[in-house]
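> Structure supplied as input-v5.tsv; contents: TSV, C-alpha atoms and all ligand atoms.
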```
chain	number	residue	atom	x	y	z
A	1	MET	CA	27.76	10.50	3.74
A	2	LYS	CA	27.26	7.83	6.37
A	3	GLU	CA	28.59	4.33	6.88
A	4	ALA	CA	26.15	1.89	5.37
A	5	MET	CA	24.09	-0.81	7.06
A	6	LEU	CA	24.05	-4.45	5.99
A	7	TRP	CA	27.44	-4.95	4.35
A	8	GLU	CA	30.36	-7.34	4.85
A	9	LYS	CA	33.95	-7.77	3.76
A	10	VAL	CA	34.55	-10.40	1.09
A	11	ASP	CA	38.08	-11.17	-0.13
A	12	GLY	CA	39.34	-7.62	0.29
A	13	GLU	CA	36.22	-6.09	-1.28
A	14	VAL	CA	32.83	-5.33	0.25
A	15	ARG	CA	29.45	-6.87	-0.41
A	16	CYS	CA	26.32	-4.76	-0.03
A	17	ASN	CA	23.45	-6.86	1.31
A	18	VAL	CA	20.71	-4.27	0.98
A	19	CYS	CA	19.07	-5.28	-2.29
A	20	GLY	CA	18.79	-8.46	-4.30
A	21	ARG	CA	21.81	-7.57	-6.43
A	22	ARG	CA	24.20	-8.07	-3.49
A	23	CYS	CA	26.90	-6.11	-5.33
A	24	ILE	CA	30.53	-6.96	-4.67
A	25	ILE	CA	32.19	-3.54	-4.69
A	26	PRO	CA	35.93	-2.99	-5.15
A	27	GLU	CA	37.81	-0.21	-3.36
A	28	GLY	CA	36.87	3.26	-4.67
A	29	LYS	CA	33.84	2.01	-6.64
A	30	THR	CA	30.08	2.24	-6.17
A	31	GLY	CA	27.48	-0.50	-6.50
A	32	PHE	CA	24.94	-0.79	-9.33
A	33	CYS	CA	22.76	1.94	-7.80
A	34	GLY	CA	25.66	4.41	-7.85
A	35	VAL	CA	25.05	5.70	-4.33
A	36	ARG	CA	26.82	3.15	-2.12
A	37	LYS	CA	30.61	3.31	-2.23
A	38	ASN	CA	33.54	1.27	-0.96
A	39	ILE	CA	35.88	3.74	0.69
A	40	LYS	CA	39.01	2.15	2.15
A	41	GLY	CA	37.30	-1.17	2.68
A	42	ARG	CA	34.10	0.14	4.27
A	43	LEU	CA	30.74	0.78	2.59
A	44	TYR	CA	29.19	4.24	2.73
A	45	SER	CA	25.89	5.73	1.65
A	46	LEU	CA	26.59	8.80	-0.50
A	47	VAL	CA	23.00	10.05	-0.33
A	48	TYR	CA	22.48	10.15	3.43
A	49	GLY	CA	20.84	13.47	4.31
A	50	LYS	CA	20.67	14.59	0.66
A	51	ALA	CA	17.03	14.87	-0.32
A	52	CYS	CA	16.57	15.45	-4.05
A	53	SER	CA	12.76	15.72	-3.79
A	54	THR	CA	10.37	16.59	-1.00
A	55	ALA	CA	6.63	17.22	-1.35
A	56	VAL	CA	3.31	16.96	0.46
A	57	ASP	CA	1.13	14.36	-1.27
A	58	PRO	CA	-2.24	12.82	-0.57
A	59	ILE	CA	-1.67	9.19	0.46
A	60	GLU	CA	-3.97	8.23	-2.44
A	61	LYS	CA	-1.25	9.43	-4.85
A	62	LYS	CA	1.25	6.74	-3.80
A	63	PRO	CA	-1.19	4.94	-4.32
A	64	PHE	CA	-2.57	3.67	-1.03
A	65	PHE	CA	-6.37	3.33	-1.12
A	66	HIS	CA	-6.74	1.18	2.03
A	67	PHE	CA	-4.24	2.79	4.38
A	68	ALA	CA	-4.83	6.08	6.25
A	69	PRO	CA	-7.36	7.40	3.70
A	70	GLY	CA	-7.58	11.16	3.43
A	71	SER	CA	-4.15	11.71	5.04
A	72	ARG	CA	-1.23	13.79	3.82
A	73	SER	CA	2.18	12.20	3.51
A	74	PHE	CA	5.45	14.07	3.49
A	75	SER	CA	7.34	12.46	0.62
A	76	VAL	CA	11.10	12.23	0.27
A	77	ALA	CA	13.61	10.77	-2.16
A	78	THR	CA	17.31	10.78	-2.90
A	79	VAL	CA	18.90	10.20	-6.29
A	80	GLY	CA	19.69	6.67	-7.47
A	81	CYS	CA	18.01	3.35	-8.18
A	82	ASN	CA	18.83	-0.34	-8.32
A	83	PHE	CA	16.70	-0.78	-11.50
A	84	ARG	CA	17.16	0.57	-15.02
A	85	CYS	CA	13.57	0.70	-16.25
A	86	ASP	CA	13.21	2.00	-19.80
A	87	PHE	CA	9.81	3.44	-18.86
A	88	CYS	CA	10.79	5.19	-15.62
A	89	GLN	CA	8.69	8.27	-14.94
A	90	ASN	CA	11.21	9.69	-12.45
A	91	TRP	CA	14.29	8.91	-14.54
A	92	MET	CA	15.81	12.34	-14.03
A	93	ILE	CA	16.41	11.54	-10.36
A	94	SER	CA	16.51	7.73	-10.40
A	95	GLN	CA	18.96	7.35	-13.31
A	96	PHE	CA	21.35	10.06	-12.23
A	97	THR	CA	24.94	10.24	-13.37
A	98	GLY	CA	27.79	12.25	-11.95
A	99	GLU	CA	27.83	14.01	-8.61
A	100	VAL	CA	25.20	13.18	-5.99
A	101	LYS	CA	22.98	16.20	-5.60
A	102	GLY	CA	20.36	17.05	-3.00
A	103	THR	CA	19.36	19.47	-0.30
A	104	GLU	CA	21.02	18.84	3.08
A	105	LEU	CA	18.17	17.72	5.34
A	106	SER	CA	18.64	15.57	8.42
A	107	PRO	CA	16.01	12.97	9.46
A	108	LYS	CA	14.95	15.42	12.18
A	109	ASP	CA	14.58	18.20	9.56
A	110	LEU	CA	12.32	15.94	7.46
A	111	VAL	CA	10.06	15.11	10.40
A	112	THR	CA	9.87	18.77	11.42
A	113	MET	CA	8.94	19.71	7.84
A	114	ALA	CA	6.26	17.01	7.79
A	115	LEU	CA	4.73	18.24	11.04
A	116	ASN	CA	4.93	21.90	10.00
A	117	ASN	CA	3.09	20.98	6.80
A	118	HIS	CA	0.32	19.25	8.80
A	119	CYS	CA	1.17	15.81	7.42
A	120	GLU	CA	0.09	12.62	9.11
A	121	GLY	CA	2.86	10.45	7.72
A	122	MET	CA	6.20	10.06	5.96
A	123	ALA	CA	6.48	8.43	2.53
A	124	TYR	CA	9.81	7.19	1.16
A	125	THR	CA	9.09	7.30	-2.53
A	126	TYR	CA	9.76	8.68	-6.08
A	127	THR	CA	13.03	6.74	-6.33
A	128	GLU	CA	13.74	3.42	-4.61
A	129	PRO	CA	13.92	3.77	-0.80
A	130	THR	CA	15.97	0.57	-0.52
A	131	ILE	CA	19.02	2.35	-1.93
A	132	PHE	CA	18.76	5.16	0.62
A	133	LEU	CA	18.10	2.69	3.43
A	134	GLU	CA	20.12	4.45	6.15
A	135	TYR	CA	18.45	7.82	5.56
A	136	ALA	CA	14.98	6.27	5.42
A	137	TYR	CA	15.67	4.11	8.48
A	138	ASP	CA	16.85	6.98	10.68
A	139	THR	CA	13.90	9.10	9.52
A	140	MET	CA	11.48	6.27	10.29
A	141	LEU	CA	12.85	6.04	13.84
A	142	GLU	CA	12.59	9.81	14.25
A	143	ALA	CA	9.03	9.81	12.88
A	144	GLU	CA	7.43	6.73	14.30
A	145	THR	CA	5.91	8.13	17.50
A	146	LYS	CA	4.37	11.09	15.64
A	147	LEU	CA	3.78	9.99	12.04
A	148	TYR	CA	3.17	6.84	10.04
A	149	ASN	CA	5.88	5.48	7.72
A	150	VAL	CA	5.23	4.08	4.24
A	151	PHE	CA	7.49	2.83	1.43
A	152	VAL	CA	6.73	2.94	-2.27
A	153	SER	CA	9.16	0.36	-3.54
A	154	ASN	CA	10.13	-1.97	-6.36
A	155	GLY	CA	10.42	-4.65	-3.67
A	156	TYR	CA	13.90	-5.82	-4.71
A	157	MET	CA	15.18	-6.06	-1.14
A	158	THR	CA	17.07	-8.74	0.72
A	159	LYS	CA	15.49	-10.58	3.64
A	160	GLU	CA	17.88	-8.70	5.92
A	161	THR	CA	16.51	-5.35	4.73
A	162	VAL	CA	12.91	-6.49	5.16
A	163	LYS	CA	13.70	-7.66	8.70
A	164	LEU	CA	15.33	-4.31	9.49
A	165	VAL	CA	12.62	-1.98	8.16
A	166	ALA	CA	9.40	-3.95	8.70
A	167	PRO	CA	9.09	-3.22	12.45
A	168	HIS	CA	9.08	0.51	11.67
A	169	LEU	CA	6.96	0.42	8.54
A	170	ASP	CA	3.17	0.75	8.52
A	171	ALA	CA	2.51	0.07	4.86
A	172	ILE	CA	4.27	-0.64	1.59
A	173	ASN	CA	3.14	-0.33	-2.01
A	174	ILE	CA	5.15	-2.65	-4.20
A	175	ASP	CA	5.39	-2.04	-7.91
A	176	TYR	CA	5.12	-5.54	-9.34
A	177	LYS	CA	5.96	-5.11	-12.99
A	178	GLY	CA	5.37	-8.45	-14.66
A	179	SER	CA	7.08	-11.64	-15.73
A	180	GLU	CA	10.72	-12.58	-15.23
A	181	ILE	CA	11.40	-11.83	-18.92
A	182	PHE	CA	9.86	-8.38	-18.54
A	183	TYR	CA	12.13	-7.60	-15.59
A	184	ARG	CA	15.21	-8.77	-17.48
A	185	LYS	CA	14.45	-6.99	-20.74
A	186	LEU	CA	13.06	-3.68	-19.55
A	187	CYS	CA	14.53	-3.17	-16.08
A	188	SER	CA	17.91	-4.98	-16.21
A	189	VAL	CA	16.84	-6.99	-13.19
A	190	PRO	CA	17.99	-10.63	-13.08
A	191	GLY	CA	15.01	-12.20	-11.34
A	192	VAL	CA	11.59	-11.65	-9.85
A	193	GLU	CA	11.86	-13.96	-6.81
A	194	PRO	CA	13.27	-11.37	-4.33
A	195	ILE	CA	10.27	-9.14	-5.10
A	196	LYS	CA	7.77	-11.89	-4.43
A	197	GLU	CA	9.60	-12.80	-1.23
A	198	THR	CA	9.51	-9.17	-0.06
A	199	MET	CA	5.74	-9.03	-0.54
A	200	ILE	CA	5.18	-12.27	1.35
A	201	GLU	CA	7.59	-11.38	4.14
A	202	MET	CA	6.28	-7.84	4.62
A	203	LYS	CA	2.76	-9.21	4.90
A	204	ARG	CA	3.89	-11.92	7.33
A	205	ARG	CA	5.52	-9.28	9.50
A	206	GLY	CA	2.31	-7.26	9.74
A	207	VAL	CA	3.02	-4.51	7.20
A	208	TRP	CA	-0.02	-3.51	5.11
A	209	VAL	CA	0.74	-4.35	1.46
A	210	GLU	CA	-0.77	-2.83	-1.68
A	211	VAL	CA	0.44	-3.76	-5.17
A	212	THR	CA	0.71	-1.63	-8.31
A	213	ASN	CA	1.09	-2.98	-11.83
A	214	LEU	CA	1.88	-0.51	-14.61
A	215	ILE	CA	0.47	-2.01	-17.80
A	216	ILE	CA	2.57	-1.25	-20.89
A	217	PRO	CA	0.87	-2.18	-24.17
A	218	GLY	CA	2.62	-5.04	-25.95
A	219	TYR	CA	4.98	-5.73	-23.04
A	220	ASN	CA	3.06	-6.89	-19.98
A	221	ASP	CA	-0.61	-6.75	-21.03
A	222	ASP	CA	-0.88	-10.46	-21.76
A	223	PRO	CA	-4.03	-11.74	-19.95
A	224	TYR	CA	-2.20	-14.91	-18.93
A	225	HIS	CA	0.48	-12.98	-17.02
A	226	ILE	CA	-2.12	-10.69	-15.46
A	227	GLU	CA	-4.04	-13.72	-14.22
A	228	GLU	CA	-0.86	-15.34	-12.90
A	229	MET	CA	0.00	-12.17	-10.97
A	230	ALA	CA	-3.51	-11.92	-9.54
A	231	LYS	CA	-3.38	-15.59	-8.49
A	232	PHE	CA	-0.05	-15.02	-6.73
A	233	ILE	CA	-1.50	-12.07	-4.82
A	234	TYR	CA	-4.66	-13.98	-3.94
A	235	GLN	CA	-2.85	-17.10	-2.76
A	236	LYS	CA	0.19	-15.59	-1.04
A	237	LEU	CA	-1.02	-12.20	0.21
A	238	GLY	CA	-4.76	-12.70	0.52
A	239	PRO	CA	-7.84	-11.48	-1.40
A	240	GLU	CA	-7.98	-8.28	0.68
A	241	THR	CA	-4.71	-7.04	-0.87
A	242	PRO	CA	-5.49	-4.02	-3.09
A	243	LEU	CA	-4.19	-4.19	-6.66
A	244	HIS	CA	-3.82	-1.02	-8.75
A	245	PHE	CA	-3.57	-1.32	-12.55
A	246	SER	CA	-1.86	1.82	-13.68
A	247	ARG	CA	-2.08	3.31	-17.16
A	248	PHE	CA	1.23	3.79	-18.99
A	249	HIS	CA	2.13	7.16	-20.51
A	250	PRO	CA	5.10	7.35	-22.91
A	251	ASP	CA	8.25	8.39	-21.04
A	252	TYR	CA	12.06	8.16	-20.94
A	253	LYS	CA	13.24	5.49	-23.44
A	254	MET	CA	9.72	4.33	-24.35
A	255	LEU	CA	8.37	7.37	-26.12
A	256	ASP	CA	7.32	5.26	-29.11
A	257	VAL	CA	4.88	3.11	-27.10
A	258	LYS	CA	1.30	4.31	-26.98
A	259	ILE	CA	-0.73	5.09	-23.89
A	260	THR	CA	-2.46	2.00	-22.42
A	261	PRO	CA	-5.94	1.64	-23.93
A	262	LEU	CA	-8.70	1.97	-21.36
A	263	GLU	CA	-10.12	-1.41	-22.45
A	264	THR	CA	-6.82	-3.08	-21.45
A	265	ILE	CA	-7.04	-1.64	-17.93
A	266	GLU	CA	-10.69	-2.66	-17.65
A	267	LYS	CA	-9.96	-6.17	-18.90
A	268	ALA	CA	-7.13	-6.55	-16.35
A	269	ILE	CA	-9.49	-5.44	-13.58
A	270	ARG	CA	-12.06	-8.07	-14.66
A	271	ILE	CA	-9.40	-10.79	-14.72
A	272	ALA	CA	-8.14	-9.94	-11.22
A	273	LYS	CA	-11.65	-9.74	-9.81
A	274	ASP	CA	-12.51	-13.11	-11.40
A	275	VAL	CA	-9.48	-14.57	-9.61
A	276	GLY	CA	-11.10	-13.39	-6.37
A	277	LEU	CA	-9.29	-10.17	-5.37
A	278	TYR	CA	-11.61	-7.86	-3.42
A	279	TYR	CA	-10.21	-4.45	-4.31
A	280	VAL	CA	-8.91	-3.84	-7.83
A	281	TYR	CA	-8.38	-0.30	-9.11
A	282	SER	CA	-7.54	1.71	-12.17
A	283	GLY	CA	-4.69	4.21	-11.90
A	284	ASN	CA	-3.77	7.26	-13.99
A	285	VAL	CA	-7.35	7.37	-15.32
A	286	PRO	CA	-8.92	10.29	-13.44
A	287	GLY	CA	-12.67	10.02	-13.01
A	288	HIS	CA	-12.87	6.29	-13.84
A	289	ILE	CA	-15.42	4.34	-11.80
A	290	ASN	CA	-12.71	1.90	-10.77
A	291	GLU	CA	-11.05	4.58	-8.65
A	292	ASN	CA	-13.88	3.93	-6.20
A	293	THR	CA	-14.07	1.22	-3.55
A	294	TYR	CA	-17.04	-1.12	-3.78
A	295	CYS	CA	-18.07	-3.85	-1.37
A	296	TYR	CA	-16.61	-7.12	-2.65
A	297	ASN	CA	-19.71	-8.96	-1.44
A	298	CYS	CA	-22.69	-6.85	-2.52
A	299	GLY	CA	-21.19	-4.15	-4.78
A	300	GLU	CA	-22.25	-1.21	-2.60
A	301	LEU	CA	-20.31	2.01	-3.36
A	302	LEU	CA	-18.20	2.69	-0.24
A	303	ILE	CA	-15.42	5.16	-0.99
A	304	GLU	CA	-15.60	7.63	-3.85
A	305	ARG	CA	-12.50	9.17	-5.41
A	306	ASP	CA	-11.87	11.58	-8.22
A	307	GLY	CA	-8.25	11.43	-9.27
A	308	LEU	CA	-6.35	11.79	-6.02
A	309	ARG	CA	-9.22	13.38	-4.11
A	310	LEU	CA	-11.60	11.60	-1.77
A	311	THR	CA	-15.13	12.69	-2.66
A	312	GLY	CA	-17.27	10.38	-0.56
A	313	PHE	CA	-16.96	7.99	2.40
A	314	ASN	CA	-19.77	5.60	3.11
A	315	LEU	CA	-18.26	3.64	6.00
A	316	GLY	CA	-18.71	4.07	9.73
A	317	GLU	CA	-16.21	3.52	12.53
A	318	ASP	CA	-16.90	-0.23	12.41
A	319	LEU	CA	-15.68	-0.43	8.77
A	320	LEU	CA	-18.57	-2.71	7.86
A	321	CYS	CA	-20.44	-2.40	4.58
A	322	PRO	CA	-23.63	-0.49	5.47
A	323	ASN	CA	-25.61	-2.67	3.05
A	324	CYS	CA	-24.49	-6.25	3.80
A	325	GLY	CA	-22.25	-5.98	6.86
A	326	SER	CA	-19.10	-7.37	5.24
A	327	GLU	CA	-15.78	-6.34	6.79
A	328	ILE	CA	-14.03	-3.73	4.64
A	329	HIS	CA	-10.25	-3.72	4.94
A	330	ILE	CA	-8.96	-0.27	5.85
A	331	GLN	CA	-5.77	0.10	7.88
A	332	GLY	CA	-4.52	2.96	9.99
A	333	LYS	CA	-6.30	6.03	11.21
A	334	ARG	CA	-8.68	7.80	8.83
A	335	TRP	CA	-8.67	11.52	8.03
A	336	ILE	CA	-12.03	12.00	6.37
A	337	PRO	CA	-13.61	15.50	6.26
A	338	GLU	CA	-17.08	15.58	7.87
A	339	ASN	CA	-18.79	16.67	4.66
A	340	LEU	CA	-17.71	13.49	2.82
A	341	PHE	CA	-19.71	11.17	5.04
A	342	LYS	CA	-22.88	10.12	3.25
A	343	GLY	CA	-25.96	11.64	4.73
A	344	SER	CA	-24.03	14.37	6.55
B	1	LIG	S1	21.65	-1.28	-2.83
B	1	LIG	FE1	23.01	-0.63	-4.53
B	1	LIG	S2	25.08	-1.30	-3.92
B	1	LIG	FE2	23.60	-2.38	-2.61
B	1	LIG	S3	23.26	-4.35	-3.63
B	1	LIG	FE3	21.65	-2.94	-4.35
B	1	LIG	S4	22.44	-2.00	-6.24
B	1	LIG	FE4	24.18	-2.95	-5.18
```
The structure given in the file should be rewritten as C-alpha cells.


Amino acid sequence: MKEAMLWEKVDGEVRCNVCGRRCIIPEGKTGFCGVRKNIKGRLYSLVYGKACSTAVDPIEKKPFFHFAPGSRSFSVATVGCNFRCDFCQNWMISQFTGEVKGTELSPKDLVTMALNNHCEGMAYTYTEPTIFLEYAYDTMLEAETKLYNVFVSNGYMTKETVKLVAPHLDAINIDYKGSEIFYRKLCSVPGVEPIKETMIEMKRRGVWVEVTNLIIPGYNDDPYHIEEMAKFIYQKLGPETPLHFSRFHPDYKMLDVKITPLETIEKAIRIAKDVGLYYVYSGNVPGHINENTYCYNCGELLIERDGLRLTGFNLGEDLLCPNCGSEIHIQGKRWIPENLFKGS
C-alpha cells in the first residue's frame, strides 16, 4: 500500500483525479476500480508492489508494430480496472472482487527481472495501468535509463495523469472501442471524450501512439462508426498512426456472440485505408496478410509477421521504402535478427 498521487480533499471526502471518473470516495471506501481507498481522509493505492501477472512478451503482442520491432517487453499488471467491459479477455484479474492479491515485487525487482530476462522494455498492460499509476510510475522511473516504457491502456485518464506519465513513456497503445453508446452499454463508461483527449495529448507530448479497435459483431462493426473512428485518427493523430482491427473471440459475459467474421475485419481495413491511414492491421488472425507492413505509397512488402513473430524485415537503417523511397514510420531502436533482413 502506498499513498496515492493526484488526489484532493473535498468536503471531508477525497477525490481521485487519476482517471476520467474522478471518484469522490468516502472514508473507508474504495473508488470504482476497487484498488484506491480513502483511509482516514487520505487516498492510498492498495495494489502498489502487488503484481498479479508478469510475463515476457514480444512487443508485437501488445500490439505495437511500429515501436521497437523485434524487442521483448517485460509485462506487468495488478488487479483492478476502471471499466466493466462485458467482453473483457482478462476479466479474472481486471474484475476482481475481495482481497487484493499479487506477488510482492518492488519497482526495482521488476526492472531486475526484465533485465535478467533479456528484455528491452517494460510494458504496463493486461489490466489498466492508470489504476496502478503509482506502481507503474515508480517502475518507469527505475527503468527509464535502461529500458523503454510502454502502456497498453483504455485511455480513460485525466489530463493530470497524462502530464505526469508522458515524459517517462515511450509509446502507448490505446484501445479505442467505439461509439459513446458502445462505451455506455458495454463498458459502463459515461463518455468517450477523455479517451480522445488522451490520444491527442499523448501524441502532442511526443509519445508514440498506436490504436487498437476490437470489432464485436453486431455491436461496433457498423461501417459508419469505423469510418468516423478512422477519420478522427487521421485528422487528430496523423495518417502515420497505426490502427489494429482485432478479431473478437467470445469471452466473459459475451459467450453468445460469435467470432468476428474475417470479411468484417477486411472491410474495416479497407475503410480505414480509404480514409487515408498508412498502416492498418488485422489482429487475432494469425497468418493474415494484413499482419504485414506495406509501403503506403507503392505497396512494397516491408515487414513480414506471422502471428506475433517477425519473419522478414525489408528496411535499412534509413527507414525508407527500398522501392519508392517513402519514409516509413518506425520508432525506437530495432531488434531484428540478421537472418530476417531480405537478401541476407
Ligand atoms: S482510478 Fe479508480 S478511484 Fe481513481 S477515479 Fe478512476 S475509478 Fe475512481

> Once you count all atoms listed in the file, which residues end up within 7 Å of ligand LIG 1 (chain B), and could you hand them over as number ranges by chain?

A: 16-23, 30-36, 82, 130-131

> Please produce, as a tab-separated table, a per-residue contact table for range 63-139 of chain A versus range 262-282 of chain A (criterion: any atom at most 12 Å away, only C-alpha atoms considered), showing the nearest atom pair and its distance in Å to one decimal, sorted by chain then residue number.


```
residue	atom	partner	partner_atom	distance
A:Pro63	CA	A:Tyr281	CA	10.1
A:Phe64	CA	A:Tyr281	CA	10.7
A:Phe65	CA	A:Tyr281	CA	9.0
A:His66	CA	A:Tyr279	CA	9.2
```

> Name all residues at most 12 Å from Asp256 in chain A (count only C-alpha atoms; drop same-chain ones fewer than 3 positions away) and give them as a list of chain:residue names.

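Close residues of Asp256 in chain A: A:Asp86, A:Phe87, A:Ile216, A:Pro217, A:Gly218, A:Phe248, A:His249, A:Pro250, A:Asp251, A:Tyr252, A:Lys253, A:Ile259.
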
> Around the point (16.7, -6.8, 9.5) in the file's coordinates, collect all residues with an atom within 12 Å, using only C-alpha atoms, and return them as a list in words.

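Applying the cut-off with only C-alpha atoms, one gets Met5, Leu6, Asn17, Val18, Leu133, Tyr137, Met157, Thr158, Lys159, Glu160, Thr161, Val162, Lys163, Leu164, Val165, Ala166, Pro167, His168, Glu201, Met202 and Arg205 of chain A.
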
> Between A:Cys324, A:Ile336, A:Val100, A:Leu110, which residue has the minimum interatomic distance to Glu304 in chain A, considering all atoms listed in the file?

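Going through A:Cys324, A:Ile336, A:Val100, A:Leu110 one by one, the smallest distance to Glu304 in chain A is for A:Ile336.
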
> Can you tell me how far CA of Glu104 in chain A sits from CA of Leu169 in chain A, in Å to one decimal?

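It comes out at 23.8 Å.
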
> Please list as a list in words every residue within 8 Å of Ser179 in chain A, counting all atoms listed in the file and excluding residues in the same chain fewer than 6 positions away.

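Once the adjacent positions are removed, what remains is Val192, Asn220 and His225 of chain A.
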
> Write out as a list in words each polymer residue whose atoms come within 10 Å of Tyr183 in chain A, counting all atoms listed in the file; drop sequence neighbours fewer than 6 positions from it.

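Non-adjacent residues within range: Phe83, Arg84, Cys85, Tyr176, Lys177, Val189, Pro190, Gly191 and Val192 of chain A.
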
> I need the residues from that last selection saved to file as a short mmCIF file (atom, residue, chain, number, x, y, z; two decimals), in the coordinates of the input (with C-alpha atoms), if you can.


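Saved as out_10.cif:
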```cif
data_model
loop_
_atom_site.label_atom_id
_atom_site.label_comp_id
_atom_site.auth_asym_id
_atom_site.auth_seq_id
_atom_site.Cartn_x
_atom_site.Cartn_y
_atom_site.Cartn_z
CA PHE A 83 16.70 -0.78 -11.50
CA ARG A 84 17.16 0.57 -15.02
CA CYS A 85 13.57 0.70 -16.25
CA TYR A 176 5.12 -5.54 -9.34
CA LYS A 177 5.96 -5.11 -12.99
CA VAL A 189 16.84 -6.99 -13.19
CA PRO A 190 17.99 -10.63 -13.08
CA GLY A 191 15.01 -12.20 -11.34
CA VAL A 192 11.59 -11.65 -9.85
#
```

> Counting all atoms listed in the file, which residue out of A:Cys119, A:Cys321, A:Cys88, A:Met1 sits closest to Leu46 in chain A?

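So, comparing all the options, the nearest one is A:Met1.
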
> Taking 6 positions as the minimum chain separation for residues in the same chain, which residues sit within 9 Å of Tyr48 in chain A when counting only C-alpha atoms? Answer as a list in words.

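These residues fall inside the cut-off: Met1, Lys2, Thr78, Glu104, Leu105, Ser106, Phe132, Leu133, Glu134, Tyr135 and Ala136 of chain A.
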
> Suppose you want the space between CA of Lys146 in chain A and CA of Val209 in chain A; what is it in Å?

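Pair CA of Lys146 in chain A / CA of Val209 in chain A returns 21.3 Å.
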
> Looking at only C-alpha atoms, which of A:Asn90, A:Ser75, A:Thr241, A:Asn339 is the one that sits closest to Val152 in chain A?

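Of A:Asn90, A:Ser75, A:Thr241, A:Asn339, the one nearest Val152 in chain A is A:Ser75, counting only C-alpha atoms.
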
> What does the distance between CA of Pro239 in chain A and CA of Arg184 in chain A come to in Å, to one decimal place?

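Calculated distance between CA of Pro239 in chain A and CA of Arg184 in chain A is 28.2 Å.
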
> A:Gly312, A:Pro107, A:Gly283, A:Gly178: which is nearest Glu144 in chain A, counting only C-alpha atoms?

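Between A:Gly312, A:Pro107, A:Gly283, A:Gly178, the residue approaching Glu144 in chain A most closely is A:Pro107.
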